[in-house]
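Only one structure is covered here, and it is reproduced in the block below.
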Amino acid sequence: QPWDCTNMAAPKQSNKPNIVVFIADGSEDVETVTVIDVLRRTQNVNLIVATVGGKSQITASRETKIVGDSTLEDVLKMNKKFDMAVLPGGMPGATNLYNDKKLIQFISDNLSNPKFILAAICASPAVVLSQSGLLKNLPATCYPAAKFKQLLKENGVQYKTDRVVIAESASKSLIVTSQGPGTALEFSFVLVQLLFGYKAANTIANAMLVLFDTKYEKQISEWKKKT
């Protein structure tokens, strides 16, 4: 039995959160693997890596081959209630996600659930979410390239320079956005904190030799009170 320094990081619960991470050809390698790794370190989630584009394996933006657990079509057939969906960035990965209308419909439908969490990083907040009208009048961040910031502006999004931004949608669900590979760990810790609290997130961060701040605690606590 391998020693696991993050064992029991999250409080065990009978109904584990259902999470899906959507990936496509051109998704960013670091962002994809980081969020999967950190969320699975909780040992308390049902996480599916779902490929978009009809193939079981994608080639990430730096040529890493990643095999999914399921395809988007499989996920849609499950008729399962999901608690969180995550969209890594990367180009043309974000464009490939945006071009799949079944994915956009899945995201839109789930955002009507006030307990749902949608998370996107790097190019995806701009390319996928803003162009789908899902960020209108909300604060968000993205990879700080001019073309992505312009997309946010054109689609009525309040661009923020923060590493991670948490926004509440009109239906009270949450949309979490982040900037890129260098913020992928912090982004992932915030997702763990949203699901299991700061202690669980910080336990994983410490085991990975990373400092994780308490600055998101107040906003997350206020959202949890509402839901």
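FYI, nothing fancy with the structure tokens labels: chains A, B, ... in order, residues from 1 per chain, ligands from 1 as they appear.
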
Exercise. Would you give me, as a PyMOL selection string, the residues in region 103-138 of chain A that DSSP reads as strand (DSSP E)?
Worked result: chain A and resi 117-121

For this session: Quick one: everything within 10 Å of Thr214 (chain A), counting only C-alpha atoms, minus sequence neighbours fewer than 5 positions away in the same chain. Send it as an NGL selection string.
Result: :A and (190 or 193 or 198-199 or 202)

Give me the residues of region 92-192 of chain A that have any atom at most 9 Å from an atom of region 43-61 of chain A; for each, the nearest atom pair and the distance in Å, rounded to one decimal. Use only C-alpha atoms, sort by chain and number, and format it as a tab-separated table.
residue	atom	partner	partner_atom	distance
A:Pro92	CA	A:Ser61	CA	7.5
A:Gly93	CA	A:Ser61	CA	7.3
A:Asn96	CA	A:Gly53	CA	7.6
A:Leu97	CA	A:Val52	CA	6.7
A:Asp100	CA	A:Val52	CA	7.5
A:Leu103	CA	A:Val52	CA	8.0

Dump all heavy atoms for the selected residues as a PDB file, in the first residue's frame?
ATOM      1  N   PRO A  92      -5.866  25.074 -29.423  1.00  0.00           N
ATOM      2  CA  PRO A  92      -7.274  25.361 -29.718  1.00  0.00           C
ATOM      3  C   PRO A  92      -8.265  24.602 -28.832  1.00  0.00           C
ATOM      4  O   PRO A  92      -9.435  24.472 -29.196  1.00  0.00           O
ATOM      5  CB  PRO A  92      -7.399  24.912 -31.167  1.00  0.00           C
ATOM      6  CG  PRO A  92      -6.490  23.702 -31.237  1.00  0.00           C
ATOM      7  CD  PRO A  92      -5.319  24.050 -30.358  1.00  0.00           C
ATOM      8  N   GLY A  93      -7.811  24.109 -27.678  1.00  0.00           N
ATOM      9  CA  GLY A  93      -8.707  23.353 -26.818  1.00  0.00           C
ATOM     10  C   GLY A  93      -9.968  24.101 -26.443  1.00  0.00           C
ATOM     11  O   GLY A  93     -11.081  23.560 -26.514  1.00  0.00           O
ATOM     12  N   ASN A  96     -12.320  24.283 -29.308  1.00  0.00           N
ATOM     13  CA  ASN A  96     -12.980  22.999 -29.542  1.00  0.00           C
ATOM     14  C   ASN A  96     -14.097  22.750 -28.531  1.00  0.00           C
ATOM     15  O   ASN A  96     -15.133  22.168 -28.873  1.00  0.00           O
ATOM     16  CB  ASN A  96     -11.950  21.873 -29.497  1.00  0.00           C
ATOM     17  CG  ASN A  96     -11.023  21.891 -30.697  1.00  0.00           C
ATOM     18  OD1 ASN A  96     -11.404  22.340 -31.775  1.00  0.00           O
ATOM     19  ND2 ASN A  96      -9.806  21.412 -30.520  1.00  0.00           N
ATOM     20  N   LEU A  97     -13.898  23.190 -27.295  1.00  0.00           N
ATOM     21  CA  LEU A  97     -14.975  23.078 -26.301  1.00  0.00           C
ATOM     22  C   LEU A  97     -16.149  23.981 -26.686  1.00  0.00           C
ATOM     23  O   LEU A  97     -17.308  23.565 -26.657  1.00  0.00           O
ATOM     24  CB  LEU A  97     -14.457  23.444 -24.913  1.00  0.00           C
ATOM     25  CG  LEU A  97     -13.394  22.533 -24.296  1.00  0.00           C
ATOM     26  CD1 LEU A  97     -12.943  23.087 -22.943  1.00  0.00           C
ATOM     27  CD2 LEU A  97     -13.900  21.108 -24.129  1.00  0.00           C
ATOM     28  N   ASP A 100     -18.648  22.859 -29.455  1.00  0.00           N
ATOM     29  CA  ASP A 100     -19.555  21.735 -29.213  1.00  0.00           C
ATOM     30  C   ASP A 100     -20.809  22.242 -28.506  1.00  0.00           C
ATOM     31  O   ASP A 100     -20.804  22.513 -27.308  1.00  0.00           O
ATOM     32  CB  ASP A 100     -18.870  20.654 -28.365  1.00  0.00           C
ATOM     33  CG  ASP A 100     -19.630  19.338 -28.401  1.00  0.00           C
ATOM     34  OD1 ASP A 100     -20.841  19.348 -28.063  1.00  0.00           O
ATOM     35  OD2 ASP A 100     -19.041  18.318 -28.781  1.00  0.00           O
ATOM     36  N   LEU A 103     -22.136  20.510 -25.365  1.00  0.00           N
ATOM     37  CA  LEU A 103     -21.439  20.870 -24.133  1.00  0.00           C
ATOM     38  C   LEU A 103     -21.967  22.181 -23.567  1.00  0.00           C
ATOM     39  O   LEU A 103     -22.219  22.294 -22.360  1.00  0.00           O
ATOM     40  CB  LEU A 103     -19.933  20.983 -24.393  1.00  0.00           C
ATOM     41  CG  LEU A 103     -19.101  21.544 -23.230  1.00  0.00           C
ATOM     42  CD1 LEU A 103     -19.212  20.656 -22.000  1.00  0.00           C
ATOM     43  CD2 LEU A 103     -17.645  21.710 -23.645  1.00  0.00           C
TER      44      LEU A 103
END

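By only C-alpha atoms, and with residues fewer than 3 positions from Ser221 (chain A) along its chain excluded, the set lying at most 12 Å from it is Gln193, Leu194, Leu195, Phe196, Gly197, Tyr198, Thr214, Lys215, Tyr216, Glu217, Lys218, Lys224, Lys225, Lys226 and Thr227 of chain A.
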
For this session: Mind checking which residues fall within 8 Å of region 157-166 of chain A, counting only C-alpha atoms, ignoring those fewer than 6 positions away in the same chain, and posting them as number ranges by chain?
Result: A: 130, 135-141, 144, 149, 174-179, 183, 186-187

Restricting it to N, CA and C atoms, dump the selection as an mmCIF file, in the first residue's frame.
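What follows is the written file result.cif:
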data_model
loop_
_atom_site.group_PDB
_atom_site.id
_atom_site.type_symbol
_atom_site.label_atom_id
_atom_site.label_comp_id
_atom_site.auth_asym_id
_atom_site.auth_seq_id
_atom_site.Cartn_x
_atom_site.Cartn_y
_atom_site.Cartn_z
ATOM 1 N N SER A 130 -17.598 33.414 -22.037
ATOM 2 C CA SER A 130 -18.087 34.751 -22.401
ATOM 3 C C SER A 130 -18.818 34.725 -23.741
ATOM 4 N N LEU A 135 -21.161 34.712 -18.851
ATOM 5 C CA LEU A 135 -20.457 35.602 -17.919
ATOM 6 C C LEU A 135 -20.954 37.046 -17.983
ATOM 7 N N LYS A 136 -22.006 37.293 -18.711
ATOM 8 C CA LYS A 136 -22.461 38.664 -18.909
ATOM 9 C C LYS A 136 -22.761 39.337 -17.579
ATOM 10 N N ASN A 137 -22.199 40.530 -17.410
ATOM 11 C CA ASN A 137 -22.360 41.368 -16.204
ATOM 12 C C ASN A 137 -21.697 40.784 -14.954
ATOM 13 N N LEU A 138 -20.857 39.777 -15.130
ATOM 14 C CA LEU A 138 -20.168 39.168 -13.992
ATOM 15 C C LEU A 138 -18.677 39.490 -14.032
ATOM 16 N N PRO A 139 -18.004 39.490 -12.877
ATOM 17 C CA PRO A 139 -16.552 39.629 -12.868
ATOM 18 C C PRO A 139 -15.902 38.293 -13.213
ATOM 19 N N ALA A 140 -14.779 38.343 -13.917
ATOM 20 C CA ALA A 140 -14.064 37.122 -14.285
ATOM 21 C C ALA A 140 -12.636 37.477 -14.662
ATOM 22 N N THR A 141 -11.804 36.454 -14.675
ATOM 23 C CA THR A 141 -10.449 36.618 -15.164
ATOM 24 C C THR A 141 -10.191 35.576 -16.246
ATOM 25 N N PRO A 144 -4.163 36.598 -19.471
ATOM 26 C CA PRO A 144 -4.153 38.045 -19.731
ATOM 27 C C PRO A 144 -3.583 38.466 -21.079
ATOM 28 N N LYS A 149 -8.871 39.277 -23.240
ATOM 29 C CA LYS A 149 -9.476 40.378 -22.482
ATOM 30 C C LYS A 149 -10.490 41.126 -23.345
ATOM 31 N N LEU A 174 -22.273 29.149 -8.858
ATOM 32 C CA LEU A 174 -20.984 29.832 -8.863
ATOM 33 C C LEU A 174 -20.225 29.582 -10.151
ATOM 34 N N ILE A 175 -19.511 30.623 -10.604
ATOM 35 C CA ILE A 175 -18.603 30.498 -11.736
ATOM 36 C C ILE A 175 -17.224 30.942 -11.263
ATOM 37 N N VAL A 176 -16.271 30.016 -11.308
ATOM 38 C CA VAL A 176 -14.907 30.272 -10.850
ATOM 39 C C VAL A 176 -14.002 30.352 -12.069
ATOM 40 N N THR A 177 -13.241 31.438 -12.184
ATOM 41 C CA THR A 177 -12.330 31.596 -13.315
ATOM 42 C C THR A 177 -10.910 31.847 -12.821
ATOM 43 N N SER A 178 -9.943 31.494 -13.660
ATOM 44 C CA SER A 178 -8.545 31.674 -13.278
ATOM 45 C C SER A 178 -7.715 31.938 -14.527
ATOM 46 N N GLN A 179 -6.433 32.253 -14.341
ATOM 47 C CA GLN A 179 -5.637 32.846 -15.410
ATOM 48 C C GLN A 179 -4.850 31.896 -16.301
ATOM 49 N N THR A 183 -1.441 29.519 -12.292
ATOM 50 C CA THR A 183 -2.465 29.679 -11.247
ATOM 51 C C THR A 183 -3.303 28.413 -11.091
ATOM 52 N N GLU A 186 -3.625 27.020 -7.391
ATOM 53 C CA GLU A 186 -4.505 27.851 -6.559
ATOM 54 C C GLU A 186 -5.963 27.676 -6.975
ATOM 55 N N PHE A 187 -6.212 27.675 -8.256
ATOM 56 C CA PHE A 187 -7.538 27.427 -8.825
ATOM 57 C C PHE A 187 -8.100 26.104 -8.301
#

For this session: Grab the CA of Leu185 (chain A) to CA of Val21 (chain A) distance for me, in Å with one decimal place.
Result: 15.3 Å

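CA of Leu191 (chain A) to CA of Asn18 (chain A) spans 12.8 Å [interatomic distance, one decimal].
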
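Comparing A:Gly26, A:Asp74, A:Leu151, A:Asp83 by their smallest distance to Arg62 (chain A), the closest is A:Gly26 (using only C-alpha atoms).
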
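Going from CA of Ser27 (chain A) to CA of Thr95 (chain A) covers 9.3 Å.
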
Problem set entry | Sel. of helix (DSSP H, G or I) residues, chain A, as a PyMOL selection string | chain A and resi 29-41+72-78+93-98+101-110+124-130+146-154+181-196+198-207+217-226

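Of the residues under consideration (A:Val38, A:Ala119, A:Ala167, A:Ala201), A:Ala167 shows the shortest atom-to-atom contact distance to Gln219 (chain A) when counting only C-alpha atoms.
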